[in-house]
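Down below is the structure, laid out as structure tokens.
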Amino acid sequence: MAGEKSAFDQTFSFSSLPSKKFSFLQDKDTLALLMKWSMLGRISAQSYSFDQSFCPYNSENLWNVFDFCVCVCVCMCVCVCVVDKPVVSVDVELVPCTKVSMELFDPIYSCGILRPSGHIVKCFHYAYPDYDELRQMLQEEDSEHYDVVRRGERGEFLFRLFKHLCLGGELCQYEDTIDPYINTTKQVYKDLISAQKDPDTKKISVVSTVIKVSAYDEFGRCFPGIREQEQTFAYLIVDPFKRHVTLFCHFYGVGNLTL
């Protein structure tokens with residue numbers, strides 16, 4: 001897959017995997033929720049194979065991670081958005097991804113954010129007329145519930161994904177109950193993340209590496225989007241054993257209004 005040349009050496013090669021499908025982009029009920037949350041048509045996932053080994057966790061391989069992300073951004077961001085100038089720099093953040101269950105969210109059910117029925121408790125906000133305790137916990141550090149999920153675990157990809165879905169797009173119609181958010185988070189996470197069971201201990205662990213990326217040309221950020229916005233994001237999810245990488249991204253705005 002050819003991309004624009006840049007000052008970086010492109011040491012990885014990528015090939016599209018059009019046969020790899022994601023259930024959250026196929027299931028009608030999930031698509032209806034993404035439309036309701038103003039994310040339909042703006043959230044995407046595309047997988048590619050690559051031709052070299054990828055090992056991010058040893059210090060001597062940090063350059064390997066950076067080089068890999070540069071190659072992905074240079075080769076792929078042209079396909080996602082219009083890039084008129086060469087990519088000159090890339091920001092890379094390794095995102096913790098260790099969760100193999102939804103237990104991370106258990107404290108939310110017993111702290112006052114939800115009613116026993118699963119309905120989300122509404123609250124007053126000076127700027128948002130229709131606000132609730134869940135969004136306040138997700139967004140505001142001075143929320144009394146902010147630390148219900150420990151700060152370290154808020155960095156986990158599972159929690160970030162949940163937050164992205166809860167906040168939605170520009171014309172998001174927020175849910176009254178938590179179940180649609182939890183169920184969709186579980187579905188998307190399962191689609192994107194690879195796990196394996198240890199044959200001796202029978203313990204299941206995540207094998208995927210998740211990397212948040214943004215690319216810059218000579219004028220500033222060019223991918224994902226030219227403006228910094230929490231709901232405009234791009235993650236690379238790497239399966240080092242299959243040598244597959246998935247570009248999972250969303251561009252904040254008004255989503256499609258029809259399926």
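Lettering and numbering for the structure tokens are positional, with chains as A, B, ... in the shown order, residues counted from 1 in each chain, and ligands counted from 1 in the shown order.
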Write out, as a Markdown table, each residue of stretch 146-216 of chain A that has an atom at most 9 Å from stretch 38-59 of chain A, together with the closest pair of atoms and their distance in Å to one decimal, counting only C-alpha atoms, rows going by chain and rising number.
```
| residue | atom | partner | partner_atom | distance |
| --- | --- | --- | --- | --- |
| A:Leu165 | CA | A:Met39 | CA | 8.5 |
| A:Gly168 | CA | A:Ser38 | CA | 6.2 |
| A:Gly169 | CA | A:Ser38 | CA | 4.6 |
| A:Glu170 | CA | A:Ser38 | CA | 6.3 |
| A:Leu171 | CA | A:Ser38 | CA | 5.4 |
| A:Cys172 | CA | A:Ser38 | CA | 4.9 |
| A:Gln173 | CA | A:Ser38 | CA | 7.5 |
| A:Leu192 | CA | A:Ala45 | CA | 8.5 |
| A:Thr209 | CA | A:Pro56 | CA | 7.7 |
```
Give me, as an NGL selection string, the residues of stretch 24-213 of chain A that a backbone DSSP run labels helix (DSSP H, G or I). :A and (24-25 or 28-36 or 59-80 or 103-110 or 133-139 or 146-148 or 151-154 or 157-167 or 179-192)
Residue among A:Ser19, A:Ser89, A:Thr30, A:Gln139 lying closest to A:Leu167, counting only C-alpha atoms: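 Of A:Ser19, A:Ser89, A:Thr30, A:Gln139, the one nearest A:Leu167 is A:Gln139, counting only C-alpha atoms.
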When DSSP is applied to the backbone of this structure, which of stretch 10-234 of chain A are assigned strand (DSSP E or B)? Write them out as a PyMOL selection string. chain A and resi 14-16+43-50+89-95+114+119-120+122-123+131-132+177+195-197+204-206+209-217+220-223+233-234
Hey, which of A:Arg243, A:Lys99, A:Lys36, A:Lys20 ends up closest to A:Leu257? Count only C-alpha atoms.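 The shortest atom-to-atom distance to A:Leu257 comes from A:Lys36.
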All residues 12 Å or closer to A:Val121, only C-alpha atoms, same chain fewer than 5 positions away omitted, as a ChimeraX atom specification: /A:108-109,111-116,130-137,175-178
Next, write the just-selected residues to a file, as a PDB file, in the first residue's frame, keeping N, CA and C atoms as the atom set.
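To be explicit, this is the file written out as out27.pdb:
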```pdb
ATOM      1  N   ILE A 108     -19.418   1.415  39.253  1.00  0.00           N
ATOM      2  CA  ILE A 108     -20.379   2.402  38.756  1.00  0.00           C
ATOM      3  C   ILE A 108     -21.801   2.049  39.183  1.00  0.00           C
ATOM      4  N   TYR A 109     -22.042   0.758  39.416  1.00  0.00           N
ATOM      5  CA  TYR A 109     -23.397   0.298  39.716  1.00  0.00           C
ATOM      6  C   TYR A 109     -23.802   0.537  41.166  1.00  0.00           C
ATOM      7  N   CYS A 111     -22.568   3.330  43.358  1.00  0.00           N
ATOM      8  CA  CYS A 111     -22.000   4.549  43.955  1.00  0.00           C
ATOM      9  C   CYS A 111     -22.921   5.748  43.854  1.00  0.00           C
ATOM     10  N   GLY A 112     -24.109   5.590  43.265  1.00  0.00           N
ATOM     11  CA  GLY A 112     -25.019   6.715  43.136  1.00  0.00           C
ATOM     12  C   GLY A 112     -25.133   7.272  41.724  1.00  0.00           C
ATOM     13  N   ILE A 113     -24.354   6.749  40.798  1.00  0.00           N
ATOM     14  CA  ILE A 113     -24.465   7.175  39.402  1.00  0.00           C
ATOM     15  C   ILE A 113     -25.710   6.583  38.757  1.00  0.00           C
ATOM     16  N   LEU A 114     -26.068   5.377  39.185  1.00  0.00           N
ATOM     17  CA  LEU A 114     -27.212   4.661  38.617  1.00  0.00           C
ATOM     18  C   LEU A 114     -28.256   4.389  39.690  1.00  0.00           C
ATOM     19  N   ARG A 115     -29.501   4.312  39.242  1.00  0.00           N
ATOM     20  CA  ARG A 115     -30.580   3.820  40.102  1.00  0.00           C
ATOM     21  C   ARG A 115     -30.563   2.294  40.048  1.00  0.00           C
ATOM     22  N   PRO A 116     -31.216   1.621  40.994  1.00  0.00           N
ATOM     23  CA  PRO A 116     -31.224   0.153  40.984  1.00  0.00           C
ATOM     24  C   PRO A 116     -31.719  -0.444  39.669  1.00  0.00           C
ATOM     25  N   ASP A 130     -29.309  19.003  29.817  1.00  0.00           N
ATOM     26  CA  ASP A 130     -29.642  17.593  29.986  1.00  0.00           C
ATOM     27  C   ASP A 130     -28.363  16.849  30.344  1.00  0.00           C
ATOM     28  N   TYR A 131     -28.031  16.868  31.630  1.00  0.00           N
ATOM     29  CA  TYR A 131     -26.752  16.296  32.067  1.00  0.00           C
ATOM     30  C   TYR A 131     -27.028  15.167  33.048  1.00  0.00           C
ATOM     31  N   ASP A 132     -26.023  14.321  33.255  1.00  0.00           N
ATOM     32  CA  ASP A 132     -26.222  13.203  34.176  1.00  0.00           C
ATOM     33  C   ASP A 132     -24.917  12.878  34.904  1.00  0.00           C
ATOM     34  N   GLU A 133     -25.071  12.060  35.946  1.00  0.00           N
ATOM     35  CA  GLU A 133     -23.942  11.718  36.809  1.00  0.00           C
ATOM     36  C   GLU A 133     -22.879  10.896  36.076  1.00  0.00           C
ATOM     37  N   LEU A 134     -23.285  10.110  35.090  1.00  0.00           N
ATOM     38  CA  LEU A 134     -22.317   9.297  34.353  1.00  0.00           C
ATOM     39  C   LEU A 134     -21.368  10.179  33.552  1.00  0.00           C
ATOM     40  N   ARG A 135     -21.907  11.109  32.777  1.00  0.00           N
ATOM     41  CA  ARG A 135     -21.046  11.999  31.995  1.00  0.00           C
ATOM     42  C   ARG A 135     -20.208  12.892  32.912  1.00  0.00           C
ATOM     43  N   GLN A 136     -20.782  13.296  34.034  1.00  0.00           N
ATOM     44  CA  GLN A 136     -20.009  14.107  34.965  1.00  0.00           C
ATOM     45  C   GLN A 136     -18.821  13.317  35.510  1.00  0.00           C
ATOM     46  N   MET A 137     -19.044  12.056  35.848  1.00  0.00           N
ATOM     47  CA  MET A 137     -17.947  11.204  36.324  1.00  0.00           C
ATOM     48  C   MET A 137     -16.886  11.016  35.245  1.00  0.00           C
ATOM     49  N   GLU A 175     -28.262   8.097  26.320  1.00  0.00           N
ATOM     50  CA  GLU A 175     -29.097   7.022  26.834  1.00  0.00           C
ATOM     51  C   GLU A 175     -29.605   7.329  28.239  1.00  0.00           C
ATOM     52  N   ASP A 176     -30.775   6.775  28.549  1.00  0.00           N
ATOM     53  CA  ASP A 176     -31.327   6.889  29.899  1.00  0.00           C
ATOM     54  C   ASP A 176     -30.818   5.785  30.814  1.00  0.00           C
ATOM     55  N   THR A 177     -30.365   4.681  30.210  1.00  0.00           N
ATOM     56  CA  THR A 177     -29.854   3.550  30.987  1.00  0.00           C
ATOM     57  C   THR A 177     -28.433   3.230  30.538  1.00  0.00           C
ATOM     58  N   ILE A 178     -27.714   2.506  31.375  1.00  0.00           N
ATOM     59  CA  ILE A 178     -26.304   2.244  31.090  1.00  0.00           C
ATOM     60  C   ILE A 178     -26.089   1.051  30.174  1.00  0.00           C
TER      61      ILE A 178
END
```
Coordinates-based distance that separates atom CA of A:Gln26 from atom CA of A:Ser101 (Å, one decimal): 23.0 Å
Nearest to A:Ser194, chosen from A:Val254, A:Val90, A:Cys249, A:Cys97, with only C-alpha atoms counted in the distances: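 Closest residue, counting only C-alpha atoms: A:Cys97.
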Write out as a list in words each polymer residue whose atoms come within 8 Å of stretch 222-234 of chain A, counting only C-alpha atoms; drop sequence neighbours fewer than 6 positions from it.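 Using only C-alpha atoms, the neighbours found are Cys77, Cys81, Val83, His164, Leu167, Gly168, Gly169, Lys212, Val213, Ser214, Ala215, Tyr216, Leu247, Phe248, Cys249, His250, Phe251 and Tyr252 of chain A.
Closest approach to A:Pro96 from the set A:Phe22, A:Phe157, A:Phe12, A:Phe219 is made by A:Phe157, with distances taken over only C-alpha atoms.
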What does the distance from atom CA of A:Asp200 to atom CA of A:Lys242 come to in Å, to one decimal? 21.8 Å
